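Single-structure report; data block below.
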Amino acid sequence: IMKETFPALRELHVAYPIALRRLVGFLPATVERLTLEAPLAEHIKGRGAYSSVGEFNIAAALNHGLSQQGRGGAGLKKIVVLTGRDEPMGWSAAKKACDEYRVELVQEVVDGC
């Protein structure tokens with residue numbers, strides 16, 4: 001449905017953690033940038049608030065075709081993650097996968113986090 005409704009979509013903002021693999025096959029090949037919200041949260045009792053990219057499972061999504069290039073070089077080029085100040089949990093695995101698929105992974109600190 002997304003491909004037909006937004007055939008020229010270039011950017012997508014994901015406000016809630018979802019397994020990005022669920023988007024494979026639904027996003028048009030024109031999507032170049034994903035922005036993911038990974039704000040501070042307290043998931044583990046006794047541990048301070050932290051950000052995590054684990055719920056997005058970026059590596060699995062890339063391995064299953066999220067970064068496939070469309071015609072004319074179109075395709076996913078950048079993933080921006082809105083986080084707290086510290087490096088999010090799961091960052092190194094996500095970064096490794098992004099490097100492998102030539103997708104730039106950027107952490108953007110959101111004020112108040």
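In the structure tokens, chains take letters A, B, ... by order of appearance, with residues numbered from 1 within each chain and ligands from 1 in the order shown.
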Residues at most 6 Å from A:Leu82, counting only C-alpha atoms, excluding those fewer than 5 positions away in the same chain, as a list of chain:residue names? A:Glu37, A:Ala38, A:Glu108, A:Val109, A:Val110
Contacts of A:Gly75 at 12 Å or less, counting only C-alpha atoms, minus same-chain residues fewer than 2 places along, as a PyMOL selection string? chain A and resi 8-11+27-34+62+65-73+77-79+101-103
Would you mind telling me which residue in A:Val24, A:Pro39, A:Thr5, A:Ala59 lies nearest to A:Val81 when using only C-alpha atoms?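 Nearest candidate to A:Val81 out of A:Val24, A:Pro39, A:Thr5, A:Ala59: A:Pro39.
Taking only C-alpha atoms, the non-local environment of stretch 16-20 of chain A within 7 Å (same-chain residues fewer than 4 positions away omitted) comprises Glu37, Glu55, Phe56, Asn57, Ile58 and Ala61 of chain A.
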Best match for closeness to A:Thr83 among A:Glu100, A:His13, A:Gln107, A:Gly25, counting only C-alpha atoms: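 Ranked by minimum distance to A:Thr83, first place goes to A:Gln107.
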Restricting the calculation to only C-alpha atoms: of A:Met89, A:Leu12, A:Leu36, A:Ala60, which residue gets closest to A:Val106?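 Counting only C-alpha atoms, the residue closest to A:Val106 is A:Leu36.
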Please measure the separation of atom CA of A:Ser51 and atom CA of A:Gly90, giving the value in Å to one decimal.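 Value for the atom CA of A:Ser51-atom CA of A:Gly90 distance: 9.2 Å.
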Tell me, in Å to one decimal, how far atom CA of A:Lys96 is from atom CA of A:Asn63.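 Value for the atom CA of A:Lys96-atom CA of A:Asn63 distance: 11.8 Å.
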